[in-house]
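Q: Take this structure first; my questions come after.
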Amino acid sequence: VSLSAWLEARLPLAGVRRFASHKTVPVHRYNSFYFLGGMALFFFLVQFATGVLLMLYYRPSADEAFESVEFIMTTVAFGWLIRSIHSWSANLMIFFAFLHLVSVFFLKAYRAPRELTWVTGCLLFFLMLAFGFSGYLLPWNQLAFFATKVGTDVAGSVPVVGEWLLRFLRGGDRVSGGTLSRFYGWHVAILPAVTTGLVAIHLAQVQLQGMSVPPAVERRGEPVPGMKFFPDFLLRDLFGWVLALGVIISLAALFPWELGEKADPFAPASAEIRPEWYFVFLFETLKLVPGGEIAGIEYEAIPILFFGFSAALVVLVPFLDRGAAQGRRTLFDLLGGVAVAYMVGMTAWGYRSWTPVYAIVAAAAVLGVLGIGTRAGGRRAGR
Amino acid sequence: MTGYDTQPPGPAFVTRRRLLDWMLGTSTGALLLSIAYPVVRFLSPPRVPEATTRQVEAGPVNDPELIERGFKIVRFGAEPVILIRVAEDDFRAFSATCTHLDCIVEYQRADQRIWCNCHNGQYDLTGRNVAGPPPRPLERYAVNRVARGPREPAGLVVSRS
């Protein structure tokens, strides 16, 4: 008996093969957006593999965490490579997950019947942020220590539940070794377990429902050509993954992730204290808020509540955006545009000491003009 | 599959398809090897040099623990060493790591034996393995008395013999 026949008798392979042979991916000029989610998935897999490796040497305690990461970076063979890949890949994962979310939003892929795919995707994005926030503290360096103090303190200003939330996050009243153990537990056990389950659900949803065809393509009323998912689309995916692997390895080799100085709870915060780049827009917003309180609520809490409300709104968009089903442009396109512009703008503002703001504005303007230009060109070519 | 592929020419002739397959296969193999090599190296723990210890102070001759139980375990660098008070002026020291499976031994004063709890290994007071599974004797260390002060009891110093 051949191995394939043996497996065939025990697993429903024929059904899987039949499903795979029928599955097609629509082909149109927004096709490249279909690869963003796969990219984020690839970086997640890299995170999983490198994270498991790092766990073999990392020690989650205030006395040993920094030293153990130092040991990984200087003594363990290829430890510097594994850790740098983990850090670079984490940032690229968030970047691609964000692009994926934004493109799905504007292509209105959350339209019925894919509302729940959007919901699981949003939850996954928030989990990625939680991964980033908890992982940032683990090397127990100055930067991470103060960023965590600030980040958890922000949670403390939420009305009513703030104090509980702060103690829940910190594992006590202040950021200490107890916080480190807690963040470690979240980072390597709770979040991966929840995320793995959600990724499985999200992928199953995508596989079962197929790719959404954007309204702009649908509106033409022409039949949309398709490409076989297996092997044609998958091979393209894999090609991108190999490319991405090359990019993260090059980044890790050329720009190994820094370790910084060991956290010292009694040293003044240095001037470089900032959260990871994807939280910078929040950080900059909070800097603009003056101290004071109104009706027992600190001013600080207002933007925090606003961002929390916005996040909930994002998750619920498929149920609120009624016009999307008819393929109309709606208020949500405008709101999304404003939100993205705000986030990009505030992030750029946060990095103004690195790059002059006018350079960023000019680059954004050029990209915008090019984008509009290609759209117009594409429309002409389409006719 | 094209008709061309289904009728392969003679073995001396390499089709374009076969060449491409070969290139794809070797590239994939090289990629996987270049991932596996750093991972395997990472998994092998680096050798961390330990400071070599020549001798350690093991406390005074009248250490109550030594008198009550007849022995104590001394840190010799990262190694445990068992210091035994056989008689008032007879101190002996051995490696405390059982030669069988790495457990730490203890001294049984009643039987005048060094005994390992894990698998009932027994050594006599020269460190020789006399009963049970241990394959080799315990390594012996030298014990010397040193004067410490005019009114203080003498101290014990354990050193590699």
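Each chain in the structure tokens gets a letter, A, B and so on, in the order shown; residues start at 1 in every chain, and ligands are counted from 1 in the order they appear.
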Dump as a PDB file with all heavy atoms, in the first residue's frame the residues of chain B that approach chain A to within 12 Å, counting only C-alpha atoms.

A:
```pdb
ATOM      1  N   LEU B  24      14.922  25.038  -9.334  1.00  0.00           N
ATOM      2  CA  LEU B  24      13.990  25.352  -8.252  1.00  0.00           C
ATOM      3  C   LEU B  24      14.265  24.458  -7.047  1.00  0.00           C
ATOM      4  O   LEU B  24      14.331  24.922  -5.909  1.00  0.00           O
ATOM      5  CB  LEU B  24      12.555  25.146  -8.745  1.00  0.00           C
ATOM      6  CG  LEU B  24      11.457  25.597  -7.777  1.00  0.00           C
ATOM      7  CD1 LEU B  24      11.505  27.103  -7.600  1.00  0.00           C
ATOM      8  CD2 LEU B  24      10.088  25.172  -8.285  1.00  0.00           C
ATOM      9  N   SER B  27      17.550  25.422  -5.295  1.00  0.00           N
ATOM     10  CA  SER B  27      17.405  26.696  -4.570  1.00  0.00           C
ATOM     11  C   SER B  27      16.614  26.486  -3.282  1.00  0.00           C
ATOM     12  O   SER B  27      16.976  27.012  -2.232  1.00  0.00           O
ATOM     13  CB  SER B  27      16.672  27.744  -5.407  1.00  0.00           C
ATOM     14  OG  SER B  27      17.165  27.761  -6.708  1.00  0.00           O
ATOM     15  N   THR B  28      15.529  25.712  -3.388  1.00  0.00           N
ATOM     16  CA  THR B  28      14.727  25.461  -2.189  1.00  0.00           C
ATOM     17  C   THR B  28      15.562  24.736  -1.147  1.00  0.00           C
ATOM     18  O   THR B  28      15.546  25.077   0.044  1.00  0.00           O
ATOM     19  CB  THR B  28      13.487  24.618  -2.550  1.00  0.00           C
ATOM     20  OG1 THR B  28      12.844  25.229  -3.654  1.00  0.00           O
ATOM     21  CG2 THR B  28      12.529  24.528  -1.388  1.00  0.00           C
ATOM     22  N   LEU B  31      17.950  27.108   0.432  1.00  0.00           N
ATOM     23  CA  LEU B  31      17.235  28.020   1.337  1.00  0.00           C
ATOM     24  C   LEU B  31      16.966  27.329   2.677  1.00  0.00           C
ATOM     25  O   LEU B  31      17.242  27.880   3.745  1.00  0.00           O
ATOM     26  CB  LEU B  31      15.922  28.458   0.683  1.00  0.00           C
ATOM     27  CG  LEU B  31      15.035  29.357   1.539  1.00  0.00           C
ATOM     28  CD1 LEU B  31      15.669  30.727   1.679  1.00  0.00           C
ATOM     29  CD2 LEU B  31      13.650  29.486   0.943  1.00  0.00           C
ATOM     30  N   LEU B  32      16.461  26.085   2.596  1.00  0.00           N
ATOM     31  CA  LEU B  32      16.130  25.366   3.830  1.00  0.00           C
ATOM     32  C   LEU B  32      17.389  25.107   4.658  1.00  0.00           C
ATOM     33  O   LEU B  32      17.383  25.238   5.877  1.00  0.00           O
ATOM     34  CB  LEU B  32      15.419  24.051   3.503  1.00  0.00           C
ATOM     35  CG  LEU B  32      14.017  24.221   2.905  1.00  0.00           C
ATOM     36  CD1 LEU B  32      13.391  22.873   2.600  1.00  0.00           C
ATOM     37  CD2 LEU B  32      13.119  25.020   3.845  1.00  0.00           C
ATOM     38  N   SER B  34      20.064  26.916   4.680  1.00  0.00           N
ATOM     39  CA  SER B  34      20.551  28.172   5.264  1.00  0.00           C
ATOM     40  C   SER B  34      19.664  28.623   6.418  1.00  0.00           C
ATOM     41  O   SER B  34      20.057  29.471   7.201  1.00  0.00           O
ATOM     42  CB  SER B  34      20.654  29.262   4.198  1.00  0.00           C
ATOM     43  OG  SER B  34      19.367  29.615   3.768  1.00  0.00           O
ATOM     44  N   ILE B  35      18.456  28.069   6.523  1.00  0.00           N
ATOM     45  CA  ILE B  35      17.625  28.344   7.701  1.00  0.00           C
ATOM     46  C   ILE B  35      17.996  27.362   8.813  1.00  0.00           C
ATOM     47  O   ILE B  35      18.137  27.732   9.978  1.00  0.00           O
ATOM     48  CB  ILE B  35      16.128  28.231   7.359  1.00  0.00           C
ATOM     49  CG1 ILE B  35      15.724  29.352   6.386  1.00  0.00           C
ATOM     50  CG2 ILE B  35      15.271  28.311   8.617  1.00  0.00           C
ATOM     51  CD1 ILE B  35      14.326  29.228   5.833  1.00  0.00           C
ATOM     52  N   ALA B  36      18.183  26.081   8.418  1.00  0.00           N
ATOM     53  CA  ALA B  36      18.423  25.041   9.423  1.00  0.00           C
ATOM     54  C   ALA B  36      19.755  25.263  10.138  1.00  0.00           C
ATOM     55  O   ALA B  36      19.839  25.070  11.352  1.00  0.00           O
ATOM     56  CB  ALA B  36      18.406  23.664   8.766  1.00  0.00           C
ATOM     57  N   TYR B  37      20.787  25.688   9.407  1.00  0.00           N
ATOM     58  CA  TYR B  37      22.113  25.806  10.033  1.00  0.00           C
ATOM     59  C   TYR B  37      22.121  26.763  11.230  1.00  0.00           C
ATOM     60  O   TYR B  37      22.502  26.365  12.330  1.00  0.00           O
ATOM     61  CB  TYR B  37      23.156  26.200   8.983  1.00  0.00           C
ATOM     62  CG  TYR B  37      24.519  26.431   9.577  1.00  0.00           C
ATOM     63  CD1 TYR B  37      25.273  25.361  10.060  1.00  0.00           C
ATOM     64  CD2 TYR B  37      25.049  27.710   9.689  1.00  0.00           C
ATOM     65  CE1 TYR B  37      26.515  25.559  10.637  1.00  0.00           C
ATOM     66  CE2 TYR B  37      26.292  27.919  10.257  1.00  0.00           C
ATOM     67  CZ  TYR B  37      27.020  26.843  10.733  1.00  0.00           C
ATOM     68  OH  TYR B  37      28.241  27.049  11.304  1.00  0.00           O
ATOM     69  N   PRO B  38      21.686  28.040  11.070  1.00  0.00           N
ATOM     70  CA  PRO B  38      21.692  28.921  12.244  1.00  0.00           C
ATOM     71  C   PRO B  38      20.794  28.413  13.375  1.00  0.00           C
ATOM     72  O   PRO B  38      21.127  28.585  14.543  1.00  0.00           O
ATOM     73  CB  PRO B  38      21.168  30.265  11.724  1.00  0.00           C
ATOM     74  CG  PRO B  38      21.108  30.156  10.263  1.00  0.00           C
ATOM     75  CD  PRO B  38      21.217  28.735   9.866  1.00  0.00           C
ATOM     76  N   VAL B  39      19.675  27.766  13.005  1.00  0.00           N
ATOM     77  CA  VAL B  39      18.765  27.289  14.055  1.00  0.00           C
ATOM     78  C   VAL B  39      19.446  26.200  14.881  1.00  0.00           C
ATOM     79  O   VAL B  39      19.411  26.214  16.112  1.00  0.00           O
ATOM     80  CB  VAL B  39      17.439  26.786  13.432  1.00  0.00           C
ATOM     81  CG1 VAL B  39      16.611  26.038  14.462  1.00  0.00           C
ATOM     82  CG2 VAL B  39      16.643  27.957  12.882  1.00  0.00           C
ATOM     83  N   VAL B  40      20.107  25.265  14.192  1.00  0.00           N
ATOM     84  CA  VAL B  40      20.783  24.179  14.921  1.00  0.00           C
ATOM     85  C   VAL B  40      21.902  24.745  15.793  1.00  0.00           C
ATOM     86  O   VAL B  40      22.061  24.361  16.953  1.00  0.00           O
ATOM     87  CB  VAL B  40      21.324  23.129  13.925  1.00  0.00           C
ATOM     88  CG1 VAL B  40      22.230  22.133  14.642  1.00  0.00           C
ATOM     89  CG2 VAL B  40      20.161  22.400  13.273  1.00  0.00           C
ATOM     90  N   ARG B  41      22.656  25.705  15.236  1.00  0.00           N
ATOM     91  CA  ARG B  41      23.729  26.314  16.034  1.00  0.00           C
ATOM     92  C   ARG B  41      23.159  27.049  17.245  1.00  0.00           C
ATOM     93  O   ARG B  41      23.702  26.991  18.337  1.00  0.00           O
ATOM     94  CB  ARG B  41      24.533  27.309  15.180  1.00  0.00           C
ATOM     95  CG  ARG B  41      25.428  26.671  14.143  1.00  0.00           C
ATOM     96  CD  ARG B  41      26.655  26.003  14.746  1.00  0.00           C
ATOM     97  NE  ARG B  41      27.355  26.857  15.703  1.00  0.00           N
ATOM     98  CZ  ARG B  41      28.217  27.816  15.363  1.00  0.00           C
ATOM     99  NH1 ARG B  41      28.500  28.036  14.097  1.00  0.00           N
ATOM    100  NH2 ARG B  41      28.797  28.546  16.285  1.00  0.00           N
ATOM    101  N   PHE B  42      22.025  27.739  17.033  1.00  0.00           N
ATOM    102  CA  PHE B  42      21.384  28.485  18.127  1.00  0.00           C
ATOM    103  C   PHE B  42      20.947  27.526  19.231  1.00  0.00           C
ATOM    104  O   PHE B  42      21.075  27.824  20.420  1.00  0.00           O
ATOM    105  CB  PHE B  42      20.171  29.247  17.580  1.00  0.00           C
ATOM    106  CG  PHE B  42      19.430  30.066  18.607  1.00  0.00           C
ATOM    107  CD1 PHE B  42      19.804  31.366  18.881  1.00  0.00           C
ATOM    108  CD2 PHE B  42      18.337  29.540  19.297  1.00  0.00           C
ATOM    109  CE1 PHE B  42      19.120  32.127  19.817  1.00  0.00           C
ATOM    110  CE2 PHE B  42      17.650  30.295  20.236  1.00  0.00           C
ATOM    111  CZ  PHE B  42      18.049  31.589  20.488  1.00  0.00           C
ATOM    112  N   LEU B  43      20.442  26.355  18.819  1.00  0.00           N
ATOM    113  CA  LEU B  43      19.932  25.397  19.802  1.00  0.00           C
ATOM    114  C   LEU B  43      21.038  24.802  20.656  1.00  0.00           C
ATOM    115  O   LEU B  43      20.798  24.381  21.785  1.00  0.00           O
ATOM    116  CB  LEU B  43      19.167  24.275  19.086  1.00  0.00           C
ATOM    117  CG  LEU B  43      17.839  24.685  18.457  1.00  0.00           C
ATOM    118  CD1 LEU B  43      17.251  23.532  17.668  1.00  0.00           C
ATOM    119  CD2 LEU B  43      16.853  25.128  19.524  1.00  0.00           C
ATOM    120  N   SER B  44      22.276  24.749  20.116  1.00  0.00           N
ATOM    121  CA  SER B  44      23.368  24.195  20.921  1.00  0.00           C
ATOM    122  C   SER B  44      23.851  25.261  21.889  1.00  0.00           C
ATOM    123  O   SER B  44      24.331  26.301  21.469  1.00  0.00           O
ATOM    124  CB  SER B  44      24.526  23.747  20.040  1.00  0.00           C
ATOM    125  OG  SER B  44      24.149  23.725  18.700  1.00  0.00           O
ATOM    126  N   PRO B  45      23.727  25.016  23.183  1.00  0.00           N
ATOM    127  CA  PRO B  45      24.097  26.055  24.159  1.00  0.00           C
ATOM    128  C   PRO B  45      25.584  26.371  24.085  1.00  0.00           C
ATOM    129  O   PRO B  45      26.392  25.455  23.936  1.00  0.00           O
ATOM    130  CB  PRO B  45      23.737  25.428  25.508  1.00  0.00           C
ATOM    131  CG  PRO B  45      23.412  24.019  25.248  1.00  0.00           C
ATOM    132  CD  PRO B  45      23.248  23.788  23.805  1.00  0.00           C
ATOM    133  N   PRO B  46      25.941  27.647  24.156  1.00  0.00           N
ATOM    134  CA  PRO B  46      27.355  28.008  24.096  1.00  0.00           C
ATOM    135  C   PRO B  46      28.078  27.546  25.348  1.00  0.00           C
ATOM    136  O   PRO B  46      27.470  27.440  26.409  1.00  0.00           O
ATOM    137  CB  PRO B  46      27.321  29.533  24.017  1.00  0.00           C
ATOM    138  CG  PRO B  46      26.014  29.928  24.572  1.00  0.00           C
ATOM    139  CD  PRO B  46      25.068  28.802  24.310  1.00  0.00           C
ATOM    140  N   ARG B  47      29.366  27.251  25.193  1.00  0.00           N
ATOM    141  CA  ARG B  47      30.148  26.867  26.369  1.00  0.00           C
ATOM    142  C   ARG B  47      30.544  28.139  27.103  1.00  0.00           C
ATOM    143  O   ARG B  47      31.181  29.011  26.538  1.00  0.00           O
ATOM    144  CB  ARG B  47      31.398  26.122  25.945  1.00  0.00           C
ATOM    145  CG  ARG B  47      31.057  24.786  25.373  1.00  0.00           C
ATOM    146  CD  ARG B  47      32.268  23.909  25.152  1.00  0.00           C
ATOM    147  NE  ARG B  47      31.855  22.744  24.396  1.00  0.00           N
ATOM    148  CZ  ARG B  47      31.182  21.719  24.922  1.00  0.00           C
ATOM    149  NH1 ARG B  47      30.885  21.716  26.202  1.00  0.00           N
ATOM    150  NH2 ARG B  47      30.798  20.706  24.175  1.00  0.00           N
ATOM    151  N   VAL B  48      30.124  28.203  28.359  1.00  0.00           N
ATOM    152  CA  VAL B  48      30.470  29.377  29.158  1.00  0.00           C
ATOM    153  C   VAL B  48      31.606  28.976  30.084  1.00  0.00           C
ATOM    154  O   VAL B  48      31.447  28.074  30.901  1.00  0.00           O
ATOM    155  CB  VAL B  48      29.259  29.853  29.976  1.00  0.00           C
ATOM    156  CG1 VAL B  48      29.618  31.095  30.768  1.00  0.00           C
ATOM    157  CG2 VAL B  48      28.088  30.120  29.062  1.00  0.00           C
ATOM    158  N   PRO B  49      32.771  29.595  29.963  1.00  0.00           N
ATOM    159  CA  PRO B  49      33.892  29.201  30.811  1.00  0.00           C
ATOM    160  C   PRO B  49      33.592  29.502  32.269  1.00  0.00           C
ATOM    161  O   PRO B  49      33.085  30.563  32.606  1.00  0.00           O
ATOM    162  CB  PRO B  49      35.060  30.043  30.293  1.00  0.00           C
ATOM    163  CG  PRO B  49      34.433  31.162  29.548  1.00  0.00           C
ATOM    164  CD  PRO B  49      33.112  30.696  29.053  1.00  0.00           C
TER     165      PRO B  49
END
```

Q: Give me the residues within 10 Å of range 206-208 of chain A as a compact mmCIF listing (two decimals) with N, CA, C and O atoms, in the first residue's frame, counting only C-alpha atoms and dropping any in the same chain fewer than 2 places off.

A:
```
# COMPACT_ATOMS: atom_id res chain seq x y z
N PHE A 19 -11.77 20.80 -3.09
CA PHE A 19 -11.98 22.20 -2.70
C PHE A 19 -10.88 23.08 -3.30
O PHE A 19 -11.15 24.12 -3.89
N ALA A 20 -9.63 22.61 -3.15
CA ALA A 20 -8.50 23.40 -3.63
C ALA A 20 -8.54 23.57 -5.14
O ALA A 20 -8.19 24.62 -5.68
N LYS A 23 -11.15 26.29 -6.05
CA LYS A 23 -11.02 27.63 -5.51
C LYS A 23 -10.27 28.54 -6.47
O LYS A 23 -9.19 28.22 -6.94
N ARG A 114 -19.14 38.94 4.57
CA ARG A 114 -17.82 38.80 5.20
C ARG A 114 -17.67 39.65 6.47
O ARG A 114 -16.56 39.97 6.87
N THR A 117 -15.49 38.02 9.11
CA THR A 117 -14.08 37.96 8.74
C THR A 117 -13.41 39.28 9.14
O THR A 117 -12.29 39.30 9.64
N TRP A 118 -14.13 40.36 8.90
CA TRP A 118 -13.62 41.69 9.30
C TRP A 118 -13.45 41.77 10.82
O TRP A 118 -12.44 42.26 11.32
N ALA A 200 -6.66 30.84 12.76
CA ALA A 200 -7.27 29.67 12.12
C ALA A 200 -8.69 30.01 11.66
O ALA A 200 -9.07 29.70 10.52
N ILE A 201 -9.46 30.68 12.52
CA ILE A 201 -10.84 31.04 12.15
C ILE A 201 -10.83 32.02 10.97
O ILE A 201 -11.55 31.85 9.99
N HIS A 202 -9.95 33.03 11.07
CA HIS A 202 -9.87 34.05 10.03
C HIS A 202 -9.53 33.42 8.67
O HIS A 202 -10.16 33.72 7.65
N LEU A 203 -8.54 32.51 8.67
CA LEU A 203 -8.14 31.86 7.42
C LEU A 203 -9.26 30.97 6.89
O LEU A 203 -9.51 30.94 5.68
N ALA A 204 -9.93 30.26 7.80
CA ALA A 204 -11.04 29.41 7.36
C ALA A 204 -12.13 30.26 6.72
O ALA A 204 -12.67 29.92 5.66
N GLY A 210 -14.00 32.93 0.01
CA GLY A 210 -13.29 33.44 -1.15
C GLY A 210 -12.99 34.92 -1.01
O GLY A 210 -13.42 35.58 -0.06
N MET A 211 -12.25 35.45 -2.00
CA MET A 211 -11.87 36.85 -1.94
C MET A 211 -13.04 37.73 -2.38
O MET A 211 -13.77 37.38 -3.29
N SER A 212 -13.13 38.87 -1.74
CA SER A 212 -14.17 39.83 -2.12
C SER A 212 -13.73 40.58 -3.37
O SER A 212 -12.56 40.93 -3.52
N PHE A 229 -6.45 29.23 -7.11
CA PHE A 229 -5.74 29.50 -5.86
C PHE A 229 -4.55 28.55 -5.74
O PHE A 229 -3.45 28.94 -5.40
```

Q: Set the distance at 9 Å and use only C-alpha atoms: which residues neighbour Trp115 in chain B once local chain neighbours fewer than 4 positions away are removed? I'd like the list as a ChimeraX atom specification.

A: /B:98,105-108,120-124

Q: Next, the residues of the selection above should be written as an mmCIF file, in the first residue's frame with N, CA and C atoms.

A:
```cif
data_model
loop_
_atom_site.group_PDB
_atom_site.id
_atom_site.type_symbol
_atom_site.label_atom_id
_atom_site.label_comp_id
_atom_site.auth_asym_id
_atom_site.auth_seq_id
_atom_site.Cartn_x
_atom_site.Cartn_y
_atom_site.Cartn_z
ATOM 1 N N CYS B 98 27.343 12.003 43.100
ATOM 2 C CA CYS B 98 27.404 10.552 42.941
ATOM 3 C C CYS B 98 27.844 10.219 41.519
ATOM 4 N N VAL B 105 25.351 13.206 47.357
ATOM 5 C CA VAL B 105 25.423 12.165 48.381
ATOM 6 C C VAL B 105 25.334 12.779 49.782
ATOM 7 N N GLU B 106 25.153 11.924 50.796
ATOM 8 C CA GLU B 106 25.190 12.386 52.179
ATOM 9 C C GLU B 106 26.006 11.385 53.001
ATOM 10 N N TYR B 107 26.313 11.764 54.252
ATOM 11 C CA TYR B 107 27.117 10.890 55.108
ATOM 12 C C TYR B 107 26.213 10.266 56.155
ATOM 13 N N GLN B 108 26.307 8.950 56.299
ATOM 14 C CA GLN B 108 25.530 8.272 57.324
ATOM 15 C C GLN B 108 26.491 7.856 58.428
ATOM 16 N N ASN B 120 20.499 4.186 46.157
ATOM 17 C CA ASN B 120 21.158 3.374 47.168
ATOM 18 C C ASN B 120 22.627 3.072 46.822
ATOM 19 N N GLY B 121 23.324 4.058 46.282
ATOM 20 C CA GLY B 121 24.755 3.891 46.033
ATOM 21 C C GLY B 121 25.521 4.098 47.330
ATOM 22 N N GLN B 122 26.581 3.312 47.557
ATOM 23 C CA GLN B 122 27.344 3.439 48.807
ATOM 24 C C GLN B 122 28.841 3.517 48.551
ATOM 25 N N TYR B 123 29.476 4.387 49.349
ATOM 26 C CA TYR B 123 30.928 4.560 49.260
ATOM 27 C C TYR B 123 31.482 4.439 50.677
ATOM 28 N N ASP B 124 32.724 3.971 50.784
ATOM 29 C CA ASP B 124 33.320 3.945 52.116
ATOM 30 C C ASP B 124 34.023 5.273 52.384
#
```

Q: What does the distance from CA of Thr97 in chain B to CA of Arg69 in chain B come to in Å, to one decimal?

A: 18.6 Å

Q: Identify all residues of range 165-261 of chain A in alpha helix (DSSP H) (DSSP on the backbone) and supply them as an MDAnalysis selection string.

A: chainID A and resid 165:170 177:185 191:209 215:218 234:254

Q: If we count only C-alpha atoms and set the cut-off at 12 Å, which residues sit around Thr99 in chain B, ignoring sequence neighbours fewer than 5 positions away in its own chain? Please answer as a ChimeraX atom specification.

A: /B:94,104-105,115-116,118-119,121-123,127-129,132-139

Q: Keeping only N, CA and C atoms, write those residues as a PDB file, in the first residue's frame.

A:
```
ATOM      1  N   PHE B  94      35.134  14.930  49.788  1.00  0.00           N
ATOM      2  CA  PHE B  94      34.998  14.238  48.505  1.00  0.00           C
ATOM      3  C   PHE B  94      34.068  15.049  47.606  1.00  0.00           C
ATOM      4  N   ILE B 104      23.292  14.227  44.737  1.00  0.00           N
ATOM      5  CA  ILE B 104      24.218  14.676  45.768  1.00  0.00           C
ATOM      6  C   ILE B 104      24.173  13.665  46.920  1.00  0.00           C
ATOM      7  N   VAL B 105      25.351  13.206  47.357  1.00  0.00           N
ATOM      8  CA  VAL B 105      25.423  12.165  48.381  1.00  0.00           C
ATOM      9  C   VAL B 105      25.334  12.779  49.782  1.00  0.00           C
ATOM     10  N   TRP B 115      26.468   7.802  51.392  1.00  0.00           N
ATOM     11  CA  TRP B 115      25.305   7.125  50.821  1.00  0.00           C
ATOM     12  C   TRP B 115      24.568   8.045  49.854  1.00  0.00           C
ATOM     13  N   CYS B 116      24.100   7.482  48.758  1.00  0.00           N
ATOM     14  CA  CYS B 116      23.315   8.276  47.807  1.00  0.00           C
ATOM     15  C   CYS B 116      21.864   7.829  47.877  1.00  0.00           C
ATOM     16  N   CYS B 118      19.369   8.486  45.954  1.00  0.00           N
ATOM     17  CA  CYS B 118      18.616   8.246  44.714  1.00  0.00           C
ATOM     18  C   CYS B 118      18.511   6.755  44.388  1.00  0.00           C
ATOM     19  N   HIS B 119      19.658   6.056  44.353  1.00  0.00           N
ATOM     20  CA  HIS B 119      19.613   4.651  43.942  1.00  0.00           C
ATOM     21  C   HIS B 119      20.405   3.755  44.879  1.00  0.00           C
ATOM     22  N   GLY B 121      23.324   4.058  46.282  1.00  0.00           N
ATOM     23  CA  GLY B 121      24.755   3.891  46.033  1.00  0.00           C
ATOM     24  C   GLY B 121      25.521   4.098  47.330  1.00  0.00           C
ATOM     25  N   GLN B 122      26.581   3.312  47.557  1.00  0.00           N
ATOM     26  CA  GLN B 122      27.344   3.439  48.807  1.00  0.00           C
ATOM     27  C   GLN B 122      28.841   3.517  48.551  1.00  0.00           C
ATOM     28  N   TYR B 123      29.476   4.387  49.349  1.00  0.00           N
ATOM     29  CA  TYR B 123      30.928   4.560  49.260  1.00  0.00           C
ATOM     30  C   TYR B 123      31.482   4.439  50.677  1.00  0.00           C
ATOM     31  N   GLY B 127      36.112   7.006  49.846  1.00  0.00           N
ATOM     32  CA  GLY B 127      35.461   7.409  48.610  1.00  0.00           C
ATOM     33  C   GLY B 127      35.262   6.260  47.636  1.00  0.00           C
ATOM     34  N   ARG B 128      35.699   5.038  48.028  1.00  0.00           N
ATOM     35  CA  ARG B 128      35.590   3.890  47.135  1.00  0.00           C
ATOM     36  C   ARG B 128      34.129   3.467  47.023  1.00  0.00           C
ATOM     37  N   ASN B 129      33.662   3.138  45.821  1.00  0.00           N
ATOM     38  CA  ASN B 129      32.292   2.662  45.644  1.00  0.00           C
ATOM     39  C   ASN B 129      32.242   1.217  46.104  1.00  0.00           C
ATOM     40  N   GLY B 132      25.954  -1.032  45.577  1.00  0.00           N
ATOM     41  CA  GLY B 132      24.984  -0.313  44.761  1.00  0.00           C
ATOM     42  C   GLY B 132      25.541   0.008  43.384  1.00  0.00           C
ATOM     43  N   PRO B 133      24.828   0.839  42.628  1.00  0.00           N
ATOM     44  CA  PRO B 133      25.176   1.043  41.224  1.00  0.00           C
ATOM     45  C   PRO B 133      26.371   1.954  40.890  1.00  0.00           C
ATOM     46  N   PRO B 134      26.943   2.759  41.803  1.00  0.00           N
ATOM     47  CA  PRO B 134      27.982   3.692  41.339  1.00  0.00           C
ATOM     48  C   PRO B 134      29.145   2.997  40.639  1.00  0.00           C
ATOM     49  N   PRO B 135      29.559   3.480  39.486  1.00  0.00           N
ATOM     50  CA  PRO B 135      30.617   2.820  38.715  1.00  0.00           C
ATOM     51  C   PRO B 135      32.028   3.213  39.136  1.00  0.00           C
ATOM     52  N   ARG B 136      32.214   4.353  39.754  1.00  0.00           N
ATOM     53  CA  ARG B 136      33.566   4.841  40.061  1.00  0.00           C
ATOM     54  C   ARG B 136      33.596   5.395  41.479  1.00  0.00           C
ATOM     55  N   PRO B 137      34.778   5.498  42.069  1.00  0.00           N
ATOM     56  CA  PRO B 137      34.879   6.137  43.392  1.00  0.00           C
ATOM     57  C   PRO B 137      34.659   7.640  43.298  1.00  0.00           C
ATOM     58  N   LEU B 138      34.401   8.277  44.453  1.00  0.00           N
ATOM     59  CA  LEU B 138      34.261   9.738  44.500  1.00  0.00           C
ATOM     60  C   LEU B 138      35.644  10.375  44.506  1.00  0.00           C
ATOM     61  N   GLU B 139      35.756  11.488  43.827  1.00  0.00           N
ATOM     62  CA  GLU B 139      37.050  12.177  43.796  1.00  0.00           C
ATOM     63  C   GLU B 139      37.350  12.746  45.190  1.00  0.00           C
TER      64      GLU B 139
END
```

Q: Could you name the residues that touch Asp90 in chain B at 10 Å or less, counting only C-alpha atoms, but leaving out those on the same chain fewer than 5 positions away, as number ranges by chain?

A: B: 84-85, 143

Q: Have a look at A:Ala364, A:Met93, A:Val188, A:Ala62 and name the one nearest to Ala244 in chain A; count only C-alpha atoms.

A: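 Looking at the shortest contact to Ala244 in chain A, the residue is A:Met93.
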